[in-house]
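Structure first, commentary second.
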Amino acid sequence: MSTTADLVTAIKKELKAAQMTYADLAKAIDMAESSVKRMLAKGDMPLSRIDEICRALHLDFADLARSVADSRPLLQKITREQEVAVVADRKLLLTAICVLSQWTLEQIVATYRISEPEGIGYLAQLDRIGIIELRPGNRYKLRLAKTFRWQTNGPVMDFFRENAVLDYFGGTFAGEDETMLLVHGSITPGNAPAFVERIQRIGQDFSQQHLQDQRLGPNKLDGYTLVLGMRKWELPAFATLRR
């Protein structure tokens, strides 16, 4: 939920964009400049006053609300309780994965056994969770930061460990557009973070290419899954042979 402070911040931003001073606003809504400053400082104003401010700024309230939503900080992660809710409904989890790839509702409905009313309902749930901001026409805006990650040991990653890891790595990776690389070595712990950073950059490059290619249309695209990882690990079968 957006706070009153977010609303005041959005109003100030719109005033600046309109090159309107507090004195200009005070004149437009028939208030003293000192009262306008006090009102915005306290964030205490009735809806009728907000309507007057919108008219002075030549804005619809919907425009102001959108400005408030755009000012909300992007999510780095969601809570464990929210992840539990996402995983509890397989179609909701599927919809969440699709919106992370910025699929439209039409693409989701055309590709999976999800009806349009179901899809709208799932988008509404993701809006309540905070993953997206649902907009008119069933369009949406992602509310996630570029660095968003599911919780490392959370419900979503546990789901993929239990249901996806064996199937994914059971593939041959033999296609010209596929690869699997397993490299083992011993390095100083101080050098490991630099490799982790490079791995993260590869993931970001893949995500950016995905976004750019969405302009081409789904008939020209294929789905790929990039899995990158690095950890302190030794195959248990080998570890038992250690002296």
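Order determines the names: the first chain of the structure tokens is A, the second B, and so forth; residues in each chain are numbered 1 upward, and ligands are numbered 1 upward as they are shown.
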Residues of segment 21-232 of chain A in helix (DSSP H, G or I) according to DSSP, as number ranges by chain? A: 22-28, 33-42, 47-56, 61-71, 80-88, 90-100, 105-111, 116-129, 136-138, 155-163, 165-169, 189-216, 218-220
Please identify the strand (DSSP E) residues within segment 111-167 of chain A (assignment by DSSP from backbone atoms) and present them as a ChimeraX atom specification. /A:132-135,139-142
Go ahead and write the residues just picked, all heavy atoms, as a short mmCIF file (atom, residue, chain, number, x, y, z; two decimals), in the first residue's frame.
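Output (out32.cif):
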```cif
data_model
loop_
_atom_site.label_atom_id
_atom_site.label_comp_id
_atom_site.auth_asym_id
_atom_site.auth_seq_id
_atom_site.Cartn_x
_atom_site.Cartn_y
_atom_site.Cartn_z
N ILE A 132 3.66 -7.37 -9.29
CA ILE A 132 3.31 -6.51 -10.42
C ILE A 132 2.38 -5.40 -9.96
O ILE A 132 1.79 -5.47 -8.87
CB ILE A 132 2.62 -7.30 -11.56
CG1 ILE A 132 1.26 -7.87 -11.08
CG2 ILE A 132 3.52 -8.38 -12.12
CD1 ILE A 132 0.43 -8.48 -12.18
N GLU A 133 2.26 -4.38 -10.80
CA GLU A 133 1.22 -3.36 -10.65
C GLU A 133 0.26 -3.57 -11.82
O GLU A 133 0.64 -3.36 -12.97
CB GLU A 133 1.81 -1.96 -10.69
CG GLU A 133 0.76 -0.86 -10.65
CD GLU A 133 1.28 0.45 -11.21
OE1 GLU A 133 2.50 0.68 -11.12
OE2 GLU A 133 0.48 1.22 -11.76
N LEU A 134 -0.93 -4.05 -11.52
CA LEU A 134 -1.91 -4.34 -12.56
C LEU A 134 -2.51 -3.04 -13.08
O LEU A 134 -2.93 -2.18 -12.31
CB LEU A 134 -3.01 -5.25 -12.00
CG LEU A 134 -3.98 -5.88 -13.01
CD1 LEU A 134 -3.22 -6.66 -14.08
CD2 LEU A 134 -4.96 -6.78 -12.28
N ARG A 135 -2.56 -2.92 -14.39
CA ARG A 135 -3.04 -1.69 -15.03
C ARG A 135 -4.24 -2.00 -15.92
O ARG A 135 -4.56 -3.16 -16.18
CB ARG A 135 -1.91 -1.05 -15.83
CG ARG A 135 -0.78 -0.55 -14.93
CD ARG A 135 0.32 0.13 -15.70
NE ARG A 135 1.22 0.85 -14.80
CZ ARG A 135 2.29 1.53 -15.20
NH1 ARG A 135 2.60 1.57 -16.49
NH2 ARG A 135 3.05 2.15 -14.32
N ARG A 139 -2.94 -5.14 -18.49
CA ARG A 139 -1.50 -4.93 -18.64
C ARG A 139 -0.92 -4.77 -17.24
O ARG A 139 -1.63 -4.58 -16.26
CB ARG A 139 -1.22 -3.69 -19.49
CG ARG A 139 -1.85 -3.72 -20.88
CD ARG A 139 -1.41 -4.93 -21.65
NE ARG A 139 -1.99 -4.97 -22.98
CZ ARG A 139 -2.33 -6.08 -23.60
NH1 ARG A 139 -2.21 -7.24 -22.99
NH2 ARG A 139 -2.82 -6.06 -24.82
N TYR A 140 0.37 -4.83 -17.14
CA TYR A 140 0.97 -4.73 -15.82
C TYR A 140 2.39 -4.18 -15.92
O TYR A 140 3.01 -4.16 -17.00
CB TYR A 140 1.01 -6.11 -15.13
CG TYR A 140 1.85 -7.14 -15.85
CD1 TYR A 140 3.22 -7.23 -15.66
CD2 TYR A 140 1.27 -8.03 -16.76
CE1 TYR A 140 3.99 -8.16 -16.34
CE2 TYR A 140 2.02 -8.97 -17.44
CZ TYR A 140 3.38 -9.03 -17.22
OH TYR A 140 4.15 -9.94 -17.91
N LYS A 141 2.89 -3.74 -14.79
CA LYS A 141 4.28 -3.30 -14.68
C LYS A 141 4.93 -4.11 -13.58
O LYS A 141 4.38 -4.26 -12.49
CB LYS A 141 4.35 -1.81 -14.34
CG LYS A 141 5.77 -1.31 -14.11
CD LYS A 141 5.78 0.17 -13.73
CE LYS A 141 7.20 0.63 -13.44
NZ LYS A 141 7.24 2.05 -13.02
N LEU A 142 6.10 -4.66 -13.86
CA LEU A 142 6.83 -5.41 -12.83
C LEU A 142 7.27 -4.48 -11.71
O LEU A 142 7.76 -3.38 -11.97
CB LEU A 142 8.06 -6.09 -13.43
CG LEU A 142 7.86 -7.45 -14.11
CD1 LEU A 142 9.18 -7.92 -14.72
CD2 LEU A 142 7.34 -8.48 -13.13
#
```
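Using only C-alpha atoms for every distance, the candidate list A:Thr188, A:Gln19, A:Gln151, A:Gln107 yields A:Gln107 as the residue closest to Gly217 of chain A.
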Can you work out which one of A:His58, A:His184, A:Arg49, A:His210 has the shortest atom-to-atom distance to Ser101 of chain A, counting only C-alpha atoms?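 Ranking A:His58, A:His184, A:Arg49, A:His210 by distance to Ser101 of chain A, first place goes to A:His210.
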Taking into account only C-alpha atoms, which residue in the set A:Tyr168, A:Lys232, A:Leu15, A:Tyr112 is nearest to Pro189 of chain A? A:Lys232
